[in-house]
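S.K.: This is the content of structure30.cif (mmCIF, C-alpha atoms):
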data_upload
loop_
_atom_site.group_PDB
_atom_site.id
_atom_site.type_symbol
_atom_site.label_atom_id
_atom_site.label_comp_id
_atom_site.auth_asym_id
_atom_site.auth_seq_id
_atom_site.Cartn_x
_atom_site.Cartn_y
_atom_site.Cartn_z
ATOM 1 C CA MET A 13 -87.949 -33.252 24.967
ATOM 2 C CA LYS A 14 -90.764 -31.952 27.193
ATOM 3 C CA GLN A 15 -90.395 -32.805 30.879
ATOM 4 C CA LEU A 16 -92.903 -35.152 32.456
ATOM 5 C CA THR A 17 -95.254 -33.760 35.074
ATOM 6 C CA PRO A 18 -94.047 -34.582 38.619
ATOM 7 C CA THR A 19 -96.897 -37.019 39.267
ATOM 8 C CA LEU A 20 -96.417 -38.852 36.004
ATOM 9 C CA ALA A 21 -92.646 -38.786 36.357
ATOM 10 C CA VAL A 22 -92.916 -40.700 39.635
ATOM 11 C CA GLY A 23 -95.381 -43.127 38.071
ATOM 12 C CA VAL A 24 -93.266 -43.679 34.979
ATOM 13 C CA ALA A 25 -90.200 -44.312 37.103
ATOM 14 C CA ALA A 26 -92.109 -46.947 39.037
ATOM 15 C CA VAL A 27 -93.345 -48.466 35.781
ATOM 16 C CA ALA A 28 -89.822 -48.587 34.376
ATOM 17 C CA LEU A 29 -88.620 -50.418 37.466
ATOM 18 C CA ALA A 30 -91.547 -52.791 37.332
ATOM 19 C CA LEU A 31 -90.898 -53.566 33.682
ATOM 20 C CA GLY A 32 -87.296 -54.255 34.568
ATOM 21 C CA GLY A 33 -88.356 -56.833 37.100
ATOM 22 C CA LEU A 34 -87.109 -54.838 40.114
ATOM 23 C CA ILE A 35 -90.559 -54.140 41.534
ATOM 24 C CA PRO A 36 -93.065 -56.933 40.874
ATOM 25 C CA ALA A 37 -96.024 -54.538 41.019
ATOM 26 C CA MET A 38 -98.612 -57.157 40.279
ATOM 27 C CA ALA A 39 -97.289 -59.342 43.061
ATOM 28 C CA GLN A 40 -98.088 -56.750 45.730
ATOM 29 C CA GLY A 41 -101.684 -57.936 45.861
ATOM 30 C CA THR A 42 -103.020 -54.630 47.161
ATOM 31 C CA ASP A 43 -104.338 -53.118 43.936
ATOM 32 C CA THR A 44 -104.404 -55.215 40.777
ATOM 33 C CA SER A 45 -106.184 -55.038 37.458
ATOM 34 C CA GLU A 46 -108.928 -57.194 38.970
ATOM 35 C CA ASP A 47 -109.526 -54.440 41.518
ATOM 36 C CA CYS A 48 -109.820 -51.884 38.709
ATOM 37 C CA ALA A 49 -112.458 -54.013 36.997
ATOM 38 C CA THR A 50 -114.727 -53.609 40.009
ATOM 39 C CA CYS A 51 -115.555 -50.054 38.927
ATOM 40 C CA HIS A 52 -114.297 -49.967 35.332
ATOM 41 C CA GLU A 53 -116.069 -53.040 34.010
ATOM 42 C CA GLU A 54 -116.453 -51.934 30.378
ATOM 43 C CA ILE A 55 -112.883 -50.670 30.082
ATOM 44 C CA SER A 56 -111.581 -53.846 31.665
ATOM 45 C CA ALA A 57 -113.626 -55.972 29.262
ATOM 46 C CA SER A 58 -112.289 -54.124 26.194
ATOM 47 C CA PHE A 59 -108.721 -54.283 27.516
ATOM 48 C CA ALA A 60 -109.045 -58.056 27.918
ATOM 49 C CA LEU A 61 -109.469 -58.331 24.126
ATOM 50 C CA THR A 62 -106.257 -56.475 23.307
ATOM 51 C CA VAL A 63 -102.701 -57.660 22.790
ATOM 52 C CA HIS A 64 -101.762 -55.865 25.994
ATOM 53 C CA ALA A 65 -103.923 -58.165 28.092
ATOM 54 C CA ILE A 66 -101.146 -60.553 29.088
ATOM 55 C CA GLY A 67 -100.633 -59.338 32.648
ATOM 56 C CA ASP A 68 -100.568 -62.862 34.043
ATOM 57 C CA ARG A 69 -97.447 -63.459 31.939
ATOM 58 C CA GLY A 70 -95.590 -60.326 32.955
ATOM 59 C CA GLY A 71 -97.115 -58.001 30.350
ATOM 60 C CA PRO A 72 -98.664 -54.552 30.837
ATOM 61 C CA SER A 73 -101.716 -54.092 33.009
ATOM 62 C CA CYS A 74 -103.768 -51.242 34.455
ATOM 63 C CA VAL A 75 -101.019 -50.610 37.000
ATOM 64 C CA THR A 76 -98.392 -50.420 34.259
ATOM 65 C CA CYS A 77 -99.825 -47.256 32.720
ATOM 66 C CA HIS A 78 -101.964 -45.773 35.484
ATOM 67 C CA GLY A 79 -99.868 -46.587 38.538
ATOM 68 C CA ARG A 80 -100.975 -48.153 41.782
ATOM 69 C CA GLY A 81 -104.601 -47.226 42.412
ATOM 70 C CA LEU A 82 -105.020 -47.962 46.101
ATOM 71 C CA ALA A 83 -105.419 -44.309 47.137
ATOM 72 C CA HIS A 84 -107.658 -43.711 44.125
ATOM 73 C CA MET A 85 -109.946 -46.533 45.262
ATOM 74 C CA GLU A 86 -109.919 -45.536 48.911
ATOM 75 C CA GLU A 87 -111.063 -42.027 47.993
ATOM 76 C CA GLY A 88 -114.010 -43.266 45.970
ATOM 77 C CA GLY A 89 -112.385 -42.970 42.545
ATOM 78 C CA ASP A 90 -110.831 -39.509 42.912
ATOM 79 C CA PRO A 91 -109.371 -38.876 39.396
ATOM 80 C CA THR A 92 -106.548 -36.763 40.810
ATOM 81 C CA LEU A 93 -105.153 -39.812 42.598
ATOM 82 C CA ILE A 94 -104.538 -41.883 39.471
ATOM 83 C CA ILE A 95 -102.111 -41.358 36.589
ATOM 84 C CA ARG A 96 -103.898 -40.369 33.375
ATOM 85 C CA PRO A 97 -101.243 -40.169 30.625
ATOM 86 C CA GLU A 98 -102.096 -37.599 27.987
ATOM 87 C CA GLY A 99 -100.324 -35.778 25.168
ATOM 88 C CA ARG A 100 -96.567 -36.199 24.927
ATOM 89 C CA ASP A 101 -96.534 -37.855 28.355
ATOM 90 C CA SER A 102 -98.607 -40.731 26.952
ATOM 91 C CA GLU A 103 -96.176 -41.084 24.057
ATOM 92 C CA GLN A 104 -93.215 -41.342 26.414
ATOM 93 C CA LEU A 105 -95.063 -43.984 28.409
ATOM 94 C CA CYS A 106 -95.640 -46.068 25.267
ATOM 95 C CA ARG A 107 -91.944 -45.807 24.450
ATOM 96 C CA LEU A 108 -90.985 -47.444 27.706
ATOM 97 C CA CYS A 109 -91.939 -50.718 26.039
ATOM 98 C CA HIS A 110 -91.908 -49.874 22.341
ATOM 99 C CA GLY A 111 -88.836 -47.641 22.244
ATOM 100 C CA GLU A 112 -87.601 -46.252 18.932
ATOM 101 C CA ALA A 113 -87.220 -49.573 17.113
ATOM 102 C CA GLY A 114 -87.841 -49.379 13.385
ATOM 103 C CA GLY A 115 -88.115 -45.593 13.376
ATOM 104 C CA MET A 116 -91.081 -45.749 15.716
ATOM 105 C CA PHE A 117 -92.739 -42.328 15.571
ATOM 106 C CA SER A 118 -89.698 -40.518 14.266
ATOM 107 C CA SER A 119 -89.287 -36.849 15.145
ATOM 108 C CA ARG A 120 -89.392 -36.283 11.361
ATOM 109 C CA SER A 121 -92.875 -37.751 11.144
ATOM 110 C CA ALA A 122 -95.715 -35.566 9.936
ATOM 111 C CA HIS A 123 -97.801 -37.198 12.620
ATOM 112 C CA ALA A 124 -95.451 -35.994 15.331
ATOM 113 C CA ASP A 125 -95.510 -32.459 13.897
ATOM 114 C CA ALA A 126 -99.319 -32.519 13.946
ATOM 115 C CA SER A 127 -99.383 -33.527 17.629
ATOM 116 C CA VAL A 128 -100.765 -36.942 16.775
ATOM 117 C CA ARG A 129 -99.872 -39.274 19.617
ATOM 118 C CA CYS A 130 -99.616 -43.044 19.846
ATOM 119 C CA ILE A 131 -103.037 -43.323 21.491
ATOM 120 C CA THR A 132 -104.634 -41.287 18.691
ATOM 121 C CA CYS A 133 -104.394 -44.306 16.414
ATOM 122 C CA HIS A 134 -103.779 -47.043 18.980
ATOM 123 C CA PRO A 135 -106.307 -46.493 21.787
ATOM 124 C CA PRO A 136 -105.341 -48.716 24.730
ATOM 125 C CA HIS A 137 -109.029 -49.123 25.617
ATOM 126 C CA PRO A 138 -110.694 -49.521 22.196
ATOM 127 C CA THR A 139 -114.414 -50.038 21.928
ATOM 128 C CA GLY A 140 -115.208 -53.522 20.701
ATOM 129 C CA LYS A 141 -112.607 -56.034 19.613
ATOM 130 C CA SER A 142 -109.420 -54.411 18.394
ATOM 131 C CA SER A 143 -106.827 -55.604 15.927
ATOM 132 C CA PRO A 144 -103.490 -56.997 17.174
ATOM 133 C CA ASN A 145 -101.885 -53.551 16.794
ATOM 134 C CA LEU A 146 -104.652 -51.846 18.804
ATOM 135 C CA THR A 147 -106.253 -49.988 15.913
ATOM 136 C CA ALA A 148 -109.949 -49.957 16.726
ATOM 137 C CA ASP A 149 -110.864 -49.158 13.087
ATOM 138 C CA ALA A 150 -109.719 -50.834 9.925
ATOM 139 C CA ARG A 151 -106.366 -49.297 9.085
ATOM 140 C CA ASN A 152 -107.461 -47.739 5.801
ATOM 141 C CA ASP A 153 -110.489 -46.183 7.502
ATOM 142 C CA LEU A 154 -108.252 -44.915 10.277
ATOM 143 C CA CYS A 155 -105.960 -43.165 7.791
ATOM 144 C CA ALA A 156 -108.946 -41.772 5.881
ATOM 145 C CA SER A 157 -110.302 -40.106 9.010
ATOM 146 C CA CYS A 158 -107.451 -37.575 8.787
ATOM 147 C CA HIS A 159 -106.640 -37.829 5.065
ATOM 148 C CA PRO A 160 -110.058 -37.573 3.337
ATOM 149 C CA SER A 161 -108.739 -36.018 0.112
ATOM 150 C CA VAL A 162 -106.232 -38.831 -0.392
ATOM 151 C CA ALA A 163 -108.888 -41.418 0.447
ATOM 152 C CA GLY A 164 -111.154 -39.852 -2.179
ATOM 153 C CA SER A 165 -108.436 -40.280 -4.813
ATOM 154 C CA PHE A 166 -108.867 -44.055 -4.668
ATOM 155 C CA SER A 167 -112.338 -43.692 -6.172
ATOM 156 C CA LYS A 168 -110.848 -42.370 -9.418
ATOM 157 C CA PRO A 169 -111.074 -44.785 -12.377
ATOM 158 C CA PHE A 170 -107.346 -45.486 -12.740
ATOM 159 C CA GLY A 171 -104.877 -46.407 -10.034
ATOM 160 C CA HIS A 172 -104.766 -48.502 -6.902
ATOM 161 C CA ASN A 173 -107.771 -50.288 -5.453
ATOM 162 C CA LEU A 174 -107.753 -50.654 -1.684
ATOM 163 C CA ASP A 175 -110.519 -53.241 -1.858
ATOM 164 C CA ARG A 176 -108.450 -55.688 -3.872
ATOM 165 C CA GLY A 177 -105.337 -57.722 -3.241
ATOM 166 C CA GLY A 178 -104.927 -56.825 0.417
ATOM 167 C CA LEU A 179 -103.504 -53.394 -0.432
ATOM 168 C CA GLU A 180 -103.485 -50.972 2.503
ATOM 169 C CA CYS A 181 -102.133 -47.496 3.144
ATOM 170 C CA VAL A 182 -99.414 -49.055 5.296
ATOM 171 C CA SER A 183 -98.391 -51.293 2.388
ATOM 172 C CA CYS A 184 -96.564 -48.268 0.992
ATOM 173 C CA HIS A 185 -96.355 -45.823 3.902
ATOM 174 C CA ASN A 186 -94.690 -46.050 7.294
ATOM 175 C CA PRO A 187 -97.093 -44.213 9.627
ATOM 176 C CA HIS A 188 -94.279 -43.753 12.142
ATOM 177 C CA GLY A 189 -91.785 -42.418 9.613
ATOM 178 C CA GLY A 190 -91.206 -39.140 7.780
ATOM 179 C CA SER A 191 -93.720 -36.834 6.149
ATOM 180 C CA GLY A 192 -95.069 -36.902 2.593
ATOM 181 C CA GLU A 193 -92.901 -38.901 0.230
ATOM 182 C CA GLN A 194 -90.430 -39.406 3.068
ATOM 183 C CA SER A 195 -92.963 -41.744 4.695
ATOM 184 C CA LEU A 196 -92.753 -44.160 1.753
ATOM 185 C CA LYS A 197 -91.324 -47.528 2.631
ATOM 186 C CA ILE A 198 -87.972 -48.473 1.143
ATOM 187 C CA ASP A 199 -86.952 -52.101 0.799
ATOM 188 C CA ARG A 200 -83.577 -53.546 1.788
ATOM 189 C CA SER A 201 -82.108 -52.759 -1.606
ATOM 190 C CA GLY A 202 -83.121 -49.107 -1.309
ATOM 191 C CA GLU A 203 -85.931 -49.359 -3.845
ATOM 192 C CA PRO A 204 -89.389 -47.808 -3.388
ATOM 193 C CA ALA A 205 -92.503 -49.683 -2.321
ATOM 194 C CA CYS A 206 -93.882 -49.542 -5.880
ATOM 195 C CA LEU A 207 -91.504 -52.301 -6.971
ATOM 196 C CA THR A 208 -92.785 -54.665 -4.301
ATOM 197 C CA CYS A 209 -95.866 -55.219 -6.467
ATOM 198 C CA HIS A 210 -94.562 -54.062 -9.848
ATOM 199 C CA ALA A 211 -91.436 -56.219 -9.840
ATOM 200 C CA GLU A 212 -91.277 -56.388 -13.643
ATOM 201 C CA LYS A 213 -90.336 -52.692 -13.633
ATOM 202 C CA ARG A 214 -87.407 -53.234 -11.264
ATOM 203 C CA GLY A 215 -84.470 -53.725 -13.609
ATOM 204 C CA PRO A 216 -81.600 -53.054 -13.430
ATOM 205 C CA PHE A 217 -81.581 -51.916 -17.045
ATOM 206 C CA ALA A 218 -78.623 -51.160 -19.288
ATOM 207 C CA PHE A 219 -80.590 -48.103 -20.419
ATOM 208 C CA PRO A 220 -82.764 -46.963 -17.523
ATOM 209 C CA HIS A 221 -85.574 -44.463 -17.886
ATOM 210 C CA VAL A 222 -86.347 -42.506 -14.712
ATOM 211 C CA ALA A 223 -85.970 -45.386 -12.180
ATOM 212 C CA GLY A 224 -84.207 -43.130 -9.710
ATOM 213 C CA VAL A 225 -81.770 -41.822 -12.346
ATOM 214 C CA ALA A 226 -83.821 -38.781 -13.262
ATOM 215 C CA GLY A 227 -86.941 -38.909 -11.131
ATOM 216 C CA ASP A 228 -89.027 -41.755 -9.777
ATOM 217 C CA CYS A 229 -92.331 -43.540 -10.318
ATOM 218 C CA MET A 230 -94.284 -40.518 -9.148
ATOM 219 C CA SER A 231 -92.692 -38.345 -11.820
ATOM 220 C CA CYS A 232 -95.192 -39.907 -14.221
ATOM 221 C CA HIS A 233 -97.840 -41.630 -12.087
ATOM 222 C CA GLU A 234 -100.335 -40.498 -9.479
ATOM 223 C CA PRO A 235 -99.928 -43.133 -6.772
ATOM 224 C CA HIS A 236 -103.373 -43.002 -5.179
ATOM 225 C CA GLY A 237 -105.578 -42.689 -8.237
ATOM 226 C CA SER A 238 -105.979 -40.727 -11.434
ATOM 227 C CA THR A 239 -108.537 -39.763 -14.055
ATOM 228 C CA ASN A 240 -105.931 -40.588 -16.712
ATOM 229 C CA PRO A 241 -105.192 -44.073 -18.112
ATOM 230 C CA MET A 242 -102.261 -45.878 -16.447
ATOM 231 C CA ALA A 243 -102.670 -43.435 -13.559
ATOM 232 C CA LEU A 244 -100.546 -40.911 -15.439
ATOM 233 C CA THR A 245 -100.247 -37.346 -14.233
ATOM 234 C CA ARG A 246 -101.245 -35.994 -17.677
ATOM 235 C CA PRO A 247 -104.136 -36.986 -19.954
ATOM 236 C CA ARG A 248 -101.888 -37.297 -23.035
ATOM 237 C CA VAL A 249 -98.619 -39.204 -23.233
ATOM 238 C CA ASP A 250 -96.836 -36.541 -25.284
ATOM 239 C CA GLN A 251 -97.677 -33.881 -22.696
ATOM 240 C CA LEU A 252 -96.051 -36.004 -20.036
ATOM 241 C CA CYS A 253 -92.967 -36.847 -22.090
ATOM 242 C CA LEU A 254 -92.385 -33.204 -23.017
ATOM 243 C CA GLU A 255 -92.066 -32.246 -19.377
ATOM 244 C CA CYS A 256 -88.578 -33.776 -19.581
ATOM 245 C CA HIS A 257 -87.909 -34.128 -23.313
ATOM 246 C CA SER A 258 -88.761 -30.590 -24.330
ATOM 247 C CA THR A 259 -87.478 -29.166 -27.605
ATOM 248 C CA ILE A 260 -86.969 -25.834 -25.879
ATOM 249 C CA GLU A 261 -83.278 -25.135 -25.414
ATOM 250 C CA GLY A 262 -82.171 -25.798 -21.868
ATOM 251 C CA GLY A 263 -85.397 -27.589 -21.075
ATOM 252 C CA THR A 264 -84.001 -31.108 -21.029
ATOM 253 C CA PHE A 265 -83.917 -33.103 -17.814
ATOM 254 C CA GLY A 266 -80.715 -34.809 -16.729
ATOM 255 C CA SER A 267 -79.155 -36.861 -19.538
ATOM 256 C CA GLN A 268 -82.443 -37.289 -21.394
ATOM 257 C CA PRO A 269 -82.366 -35.987 -24.996
ATOM 258 C CA PRO A 270 -85.026 -33.628 -26.352
ATOM 259 C CA SER A 271 -87.583 -34.850 -28.852
ATOM 260 C CA PHE A 272 -86.616 -34.322 -32.497
ATOM 261 C CA HIS A 273 -90.071 -35.156 -33.883
ATOM 262 C CA ASP A 274 -92.471 -32.524 -35.136
ATOM 263 C CA LEU A 275 -95.091 -32.936 -32.433
ATOM 264 C CA ARG A 276 -97.510 -30.752 -34.359
ATOM 265 C CA SER A 277 -98.208 -33.895 -36.327
ATOM 266 C CA PRO A 278 -100.661 -36.259 -34.563
ATOM 267 C CA ARG A 279 -98.664 -39.293 -35.677
ATOM 268 C CA TYR A 280 -95.879 -38.385 -33.255
ATOM 269 C CA ARG A 281 -97.996 -37.609 -30.220
ATOM 270 C CA ASN A 282 -98.333 -41.148 -28.878
ATOM 271 C CA CYS A 283 -94.699 -41.546 -27.895
ATOM 272 C CA THR A 284 -95.118 -45.043 -26.485
ATOM 273 C CA THR A 285 -96.135 -46.457 -29.861
ATOM 274 C CA CYS A 286 -92.419 -46.648 -30.664
ATOM 275 C CA HIS A 287 -90.749 -46.090 -27.299
ATOM 276 C CA VAL A 288 -92.387 -49.083 -25.715
ATOM 277 C CA ALA A 289 -89.759 -49.776 -23.045
ATOM 278 C CA VAL A 290 -90.747 -46.739 -21.019
ATOM 279 C CA HIS A 291 -89.403 -48.179 -17.758
ATOM 280 C CA GLY A 292 -86.016 -49.155 -19.192
ATOM 281 C CA SER A 293 -84.374 -51.304 -21.833
ATOM 282 C CA ASN A 294 -81.403 -53.645 -22.062
ATOM 283 C CA THR A 295 -81.063 -53.286 -25.840
ATOM 284 C CA SER A 296 -82.130 -49.822 -26.944
ATOM 285 C CA PRO A 297 -80.841 -46.472 -25.606
ATOM 286 C CA LEU A 298 -83.913 -44.898 -27.203
ATOM 287 C CA LEU A 299 -86.161 -47.347 -25.279
ATOM 288 C CA LEU A 300 -87.547 -48.693 -28.554
ATOM 289 C CA LYS A 301 -87.680 -52.259 -27.231
#
Go ahead and render the structure in this file as structure tokens.
M.R.:
Amino acid sequence: MKQLTPTLAVGVAAVALALGGLIPAMAQGTDTSEDCATCHEEISASFALTVHAIGDRGGPSCVTCHGRGLAHMEEGGDPTLIIRPEGRDSEQLCRLCHGEAGGMFSSRSAHADASVRCITCHPPHPTGKSSPNLTADARNDLCASCHPSVAGSFSKPFGHNLDRGGLECVSCHNPHGGSGEQSLKIDRSGEPACLTCHAEKRGPFAFPHVAGVAGDCMSCHEPHGSTNPMALTRPRVDQLCLECHSTIEGGTFGSQPPSFHDLRSPRYRNCTTCHVAVHGSNTSPLLLK
């Protein structure tokens, strides 16, 4: 881990002691958050609307993150005499209180690899009234600011609708977790976030189809939005089925058998006309019902 700068290291050490109750910084009375508000009125006003603004009950304050500002004030606001956490240093400062609980900003996170820091999404001094988790923008809009192509997928005719049912990006993704599919939330039983809403597809089935046995939901569906009905990855059902159930020797997938129908005939191209239990069946190994 990158070493803290000497100035910030001293400040962070003091903060850690203060948070542990060994140095009641706010009780010193020589430079408090009220003093900071004398010059930083707008910042102080925005901070007062955040979840952090509980300094009178032992929570974080200006001093917590920026250190004691007496010298800074005496020198007319000299910026070199105040701690200004930036980059990885700011992340380490956040972790003094937030730690690593729940995989908080895992080293495997795509956000960490892209040098996205805590304050990138959670500005401590947001403009206007912030949400309880310090995101100044609506969470979906915040994600879209860096992921425009994914955000555009939701405008496709089939798939998820972020404007309905309280669905958000964080409903399925852990922004502090891994990258790509590894950021998907997993419930206590080890099942993907899809089944939180689509519980009827959960099973367990005597004869499962995909469901983690040979692929997952995204083997067939585009999660954010699709131009194909049922948000499928292919426009025709038979094209999708043949990706696993190919008649070409050696082209089968896992334990799934190849198709024995003559798919040159249109009557056999809508596989789900007969194989209706496409997510799994308790009665038919061929998923007929």
S.K.: In Å to one decimal, how far is CA of Val290 in chain A from CA of Thr208 in chain A?
M.R.: 18.6 Å
S.K.: For a cut-off of 9 Å around (-103.1, -39.1, -7.3), file coordinates, pick out all residues using only C-alpha atoms and list them as a VMD selection string.
M.R.: chain A and resid 162 165 to 166 168 171 233 to 239 243 to 245
S.K.: Restricting the output to C-alpha atoms, write the selected residues as a PDB file, keeping the file's coordinate frame.
M.R.:
ATOM      1  CA  VAL A 162    -106.232 -38.831  -0.392  1.00  0.00           C
ATOM      2  CA  SER A 165    -108.436 -40.280  -4.813  1.00  0.00           C
ATOM      3  CA  PHE A 166    -108.867 -44.055  -4.668  1.00  0.00           C
ATOM      4  CA  LYS A 168    -110.848 -42.370  -9.418  1.00  0.00           C
ATOM      5  CA  GLY A 171    -104.877 -46.407 -10.034  1.00  0.00           C
ATOM      6  CA  HIS A 233     -97.840 -41.630 -12.087  1.00  0.00           C
ATOM      7  CA  GLU A 234    -100.335 -40.498  -9.479  1.00  0.00           C
ATOM      8  CA  PRO A 235     -99.928 -43.133  -6.772  1.00  0.00           C
ATOM      9  CA  HIS A 236    -103.373 -43.002  -5.179  1.00  0.00           C
ATOM     10  CA  GLY A 237    -105.578 -42.689  -8.237  1.00  0.00           C
ATOM     11  CA  SER A 238    -105.979 -40.727 -11.434  1.00  0.00           C
ATOM     12  CA  THR A 239    -108.537 -39.763 -14.055  1.00  0.00           C
ATOM     13  CA  ALA A 243    -102.670 -43.435 -13.559  1.00  0.00           C
ATOM     14  CA  LEU A 244    -100.546 -40.911 -15.439  1.00  0.00           C
ATOM     15  CA  THR A 245    -100.247 -37.346 -14.233  1.00  0.00           C
TER      16      THR A 245
END
S.K.: Which is closest to Gly177 in chain A among A:Glu255, A:Asp199, A:Glu103, A:Cys209, if we use only C-alpha atoms?
M.R.: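 Ranked by minimum distance to Gly177 in chain A, first place goes to A:Cys209.
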S.K.: Using all atoms listed in the file, can you tell me which of A:Cys256, A:Leu82, A:Tyr280, A:Gly178 comes closest to Gly227 in chain A?
M.R.: A:Cys256
S.K.: Any idea what the distance is between CA of Pro91 in chain A and CA of Cys74 in chain A?
M.R.: 14.4 Å
S.K.: Please, what distance in Å, to one decimal, runs between CA of Val182 in chain A and CA of Ser195 in chain A?
M.R.: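 Pair CA of Val182 in chain A / CA of Ser195 in chain A returns 9.8 Å.
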S.K.: Could you give me, as an MDAnalysis selection string, the residues that sit within 9 Å of (-90.8, -47.7, -0.2) in the file's coordinates, counting all atoms listed in the file?
M.R.: chainID A and resid 183:186 194:199 202:208
S.K.: At a cut-off of 12 Å, using all atoms listed in the file, what residues contact range 134-139 of chain A? Leave out same-chain residues fewer than 2 positions from it and give the result as JSON, numbers by chain.
M.R.: {"A": [52, 53, 54, 55, 56, 57, 58, 59, 60, 61, 62, 63, 64, 65, 72, 73, 74, 76, 77, 78, 97, 98, 102, 103, 105, 106, 128, 129, 130, 131, 132, 141, 142, 143, 144, 145, 146, 147, 148, 149, 150, 151, 154, 187]}
S.K.: Enclose range 253-258 of chain A, meaning all of its atoms listed in the file, in a box aligned along x, y and z, pad it by 3 Å on each side, and list the centre and edge lengths in Å to one decimal, as JSON.
M.R.:
{"center_x": -90.4, "center_y": -33.7, "center_z": -21.9, "size_x": 11.1, "size_y": 12.3, "size_z": 11.0}
S.K.: For the file shown, what are the residues hit by the PyMOL selection byres ((chain A and resi 221) around 6), laid out as a PDB file with C-alpha atoms, in the coordinates of the input?
M.R.:
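Final file, selection-v6.pdb:
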ATOM      1  CA  PRO A 220     -82.764 -46.963 -17.523  1.00  0.00           C
ATOM      2  CA  VAL A 222     -86.347 -42.506 -14.712  1.00  0.00           C
ATOM      3  CA  ALA A 223     -85.970 -45.386 -12.180  1.00  0.00           C
ATOM      4  CA  HIS A 291     -89.403 -48.179 -17.758  1.00  0.00           C
ATOM      5  CA  GLY A 292     -86.016 -49.155 -19.192  1.00  0.00           C
TER       6      GLY A 292
END
S.K.: Which of these, A:Cys286, A:Leu179, A:Leu254, A:Ile95, has the shortest distance to Ser271 in chain A once you count all atoms listed in the file?
M.R.: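 Counting all atoms listed in the file, the residue closest to Ser271 in chain A is A:Leu254.
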S.K.: Could you tell me which residues the PyMOL selection byres ((chain A and resi 250) around 7) grabs in this file, written as a list in words?
M.R.: Arg248, Val249, Gln251, Leu252, Cys253, Leu254, Arg281, Asn282 and Cys283 of chain A
S.K.: Residues of the last selection are to be written out with C-alpha atoms, as a PDB file, in the coordinates of the input.
M.R.:
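Output file part-v5.pdb follows:
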ATOM      1  CA  ARG A 248    -101.888 -37.297 -23.035  1.00  0.00           C
ATOM      2  CA  VAL A 249     -98.619 -39.204 -23.233  1.00  0.00           C
ATOM      3  CA  GLN A 251     -97.677 -33.881 -22.696  1.00  0.00           C
ATOM      4  CA  LEU A 252     -96.051 -36.004 -20.036  1.00  0.00           C
ATOM      5  CA  CYS A 253     -92.967 -36.847 -22.090  1.00  0.00           C
ATOM      6  CA  LEU A 254     -92.385 -33.204 -23.017  1.00  0.00           C
ATOM      7  CA  ARG A 281     -97.996 -37.609 -30.220  1.00  0.00           C
ATOM      8  CA  ASN A 282     -98.333 -41.148 -28.878  1.00  0.00           C
ATOM      9  CA  CYS A 283     -94.699 -41.546 -27.895  1.00  0.00           C
TER      10      CYS A 283
END
S.K.: Just checking: using all atoms listed in the file, which residue out of A:Asn173, A:Ser127, A:Thr284, A:Ser293 ends up closest to Pro216 in chain A?
M.R.: A:Ser293
